[in-house]
Amino acid sequence: MKQNKYDDPDFFAKYNQMPRSIGGLEAAGEWPALRALMPVLEGKRVLDLGCGFGWHCRYAREMGAGSVIGVDLSEMMLARAKAFEHDAGIEYHQLAIEDIAFAAEQFDVVISSLALHYVERFDIVCRKIHEYLVPGGSFILSVEHPVFTARAAQDWHYSAEGERLHWPVDDYQQEGMRQTRFLDNDVVKYHRTVATIINQLIEAGFTIRKLSEPQPTPEAIAAYPDMRDETRRPIFLLIAAEK
């Protein structure tokens with residue numbers, strides 16, 4: 001399923017109000033951990049899958065990347081990305097992640113931030129990315145953590161008084177589609193276990209270099225107090241893999 005909720009005006013308007021949409025990478029609680037997984041980008045050819053507003057594309061250029069291609073299915077997301085200052089070193093392609101088709105060994109680094117849990121066939125995408133990377137190339141990705149995606153409700157268990165008691169985990173081994181609610185809209189995501197994610201990367205030919213299950217930094221919590229409960233369970237899984 002090639003889902004494009006971000007071109008729905010109501011959904012896009014609500015997404016625009018999220019801290020990460022306004023403040024960029026520094027407002028994303030997982031950004032320090034994701035940045036720590038990045039290889040040296042100086043002179044590299046970078047592909048960003050699910051690039052959204054282009055934050056990671058612009059970061060790669062700031063770090064000296066020679067060229068960047070950002071891919072996203074949403075016309076509205078890409079229009080916002082292009083509205084930032086023009087950089088001839090960045091190209092934006094309106095394309096579903098499932099439909100990417102590039103040359104073998106075209107890239108040195110592939111990045112995907114919080115997009116691949118919307119893709120049904122993670123294994124196929126992994127094989128494509130492996131083909132597009134040079135030997136020794138890096139694949140840096142973040143997805144919603146399987147502890148978070150296991151239940152379609154994706155919500156806390158509350159007391160009668162509305163206190164967040166705990167994060168329930170159920171149906172963890174039942175992989176597949178989840179009809180969830182995000183920004184008051186129905187959104188389709190795909191749940192995979194940690195083992196499946198790691199094994200599909202390995203089966204595609206990758207070596208796993210590092211995993212991260214980050215929590216917000218004290219600075220992020222101070223700036224955005226609603227992040228405080230994100231320290232109680234993992235919400236993101238970050239992976240650095242190498243061809």
# chains A, B, ... in the order shown; residues from 1 in each chain; ligands from 1

$ closest_atom_pairs --of "region 108-170 of chain A" --to "region 70-74 of chain A" --cutoff "12 Å" --atoms "only C-alpha atoms" --output "CSV"
residue,atom,partner,partner_atom,distance
A:Val110,CA,A:Gly70,CA,10.0
A:Ile111,CA,A:Gly70,CA,9.4
A:Ser112,CA,A:Val71,CA,9.7
A:Ser113,CA,A:Asp72,CA,11.5
A:Ala115,CA,A:Asp72,CA,9.4
A:Leu116,CA,A:Asp72,CA,11.6
A:Tyr118,CA,A:Leu73,CA,11.6
A:Val119,CA,A:Leu73,CA,11.9

$ write_last_selection --atoms "N, CA and C atoms" --output "CSV table (one decimal), in the first residue's frame"
chain,number,residue,atom,x,y,z
A,110,VAL,N,22.6,6.0,2.5
A,110,VAL,CA,21.2,6.1,2.4
A,110,VAL,C,20.6,6.3,3.8
A,111,ILE,N,19.7,7.3,3.9
A,111,ILE,CA,19.1,7.7,5.2
A,111,ILE,C,17.6,7.5,5.0
A,112,SER,N,16.9,7.0,6.1
A,112,SER,CA,15.5,7.0,6.1
A,112,SER,C,15.0,7.2,7.5
A,113,SER,N,14.3,8.3,7.7
A,113,SER,CA,13.9,8.6,9.1
A,113,SER,C,12.4,8.5,9.2
A,115,ALA,N,10.0,6.5,8.2
A,115,ALA,CA,9.2,6.3,7.0
A,115,ALA,C,8.9,4.9,6.7
A,116,LEU,N,9.9,4.0,7.1
A,116,LEU,CA,9.8,2.6,6.6
A,116,LEU,C,8.7,1.8,7.3
A,118,TYR,N,5.8,2.6,7.3
A,118,TYR,CA,4.6,2.8,6.4
A,118,TYR,C,4.7,1.9,5.2
A,119,VAL,N,5.8,1.2,5.0
A,119,VAL,CA,6.1,0.3,3.8
A,119,VAL,C,5.8,-1.1,4.2

$ residues_around --residues "region 164-171 of chain A" --least-positions-apart "4" --cutoff "7 Å" --atoms "only C-alpha atoms" --output "PDB file with N, CA and C atoms, in the first residue's frame"
ATOM      1  N   VAL A 147       7.825  -2.213  19.970  1.00  0.00           N
ATOM      2  CA  VAL A 147       7.055  -2.112  21.212  1.00  0.00           C
ATOM      3  C   VAL A 147       5.926  -1.093  21.039  1.00  0.00           C
ATOM      4  N   ALA A 150       3.186  -2.600  18.072  1.00  0.00           N
ATOM      5  CA  ALA A 150       2.559  -3.912  18.238  1.00  0.00           C
ATOM      6  C   ALA A 150       1.036  -3.821  18.312  1.00  0.00           C
ATOM      7  N   ARG A 151       0.530  -2.895  19.111  1.00  0.00           N
ATOM      8  CA  ARG A 151      -0.916  -2.715  19.235  1.00  0.00           C
ATOM      9  C   ARG A 151      -1.368  -1.567  18.337  1.00  0.00           C
ATOM     10  N   ASP A 155      -1.290   3.460  22.369  1.00  0.00           N
ATOM     11  CA  ASP A 155      -1.620   4.423  23.421  1.00  0.00           C
ATOM     12  C   ASP A 155      -1.349   3.788  24.778  1.00  0.00           C
ATOM     13  N   TRP A 156      -1.301   4.646  25.801  1.00  0.00           N
ATOM     14  CA  TRP A 156      -1.065   4.229  27.170  1.00  0.00           C
ATOM     15  C   TRP A 156      -2.298   3.546  27.748  1.00  0.00           C
ATOM     16  N   HIS A 157      -2.080   2.832  28.851  1.00  0.00           N
ATOM     17  CA  HIS A 157      -3.188   2.364  29.681  1.00  0.00           C
ATOM     18  C   HIS A 157      -3.365   3.389  30.794  1.00  0.00           C
ATOM     19  N   TYR A 158      -4.585   3.891  30.930  1.00  0.00           N
ATOM     20  CA  TYR A 158      -4.844   5.005  31.837  1.00  0.00           C
ATOM     21  C   TYR A 158      -5.626   4.558  33.062  1.00  0.00           C
ATOM     22  N   SER A 159      -5.417   5.270  34.161  1.00  0.00           N
ATOM     23  CA  SER A 159      -6.240   5.086  35.353  1.00  0.00           C
ATOM     24  C   SER A 159      -7.580   5.790  35.146  1.00  0.00           C
TER      25      SER A 159
END

$ atom_distance --atom1 "CA of Val194 (chain A)" --atom2 "CA of Glu175 (chain A)"
10.7 Å

$ closest_residue --among "A:Glu230, A:Asp123, A:Glu75, A:Glu131" --to "Thr217 (chain A)" --atoms "only C-alpha atoms"
A:Glu230

$ closest_residue --among "A:Gly54, A:Asp229, A:Gly64, A:Ile140" --to "Glu85 (chain A)" --atoms "only C-alpha atoms"
A:Gly54

$ residues_around --residues "region 89-101 of chain A" --least-positions-apart "6" --cutoff "10 Å" --atoms "only C-alpha atoms" --output "PyMOL selection string"
chain A and resi 1-4+45-52+54+57-58+60-61+65-79+81-82+112+115-116+118-122+124-125+128-129+132

$ closest_residue --among "A:Ala36, A:Trp55, A:Leu238, A:Gln106" --to "Ile22 (chain A)" --atoms "only C-alpha atoms"
A:Trp55
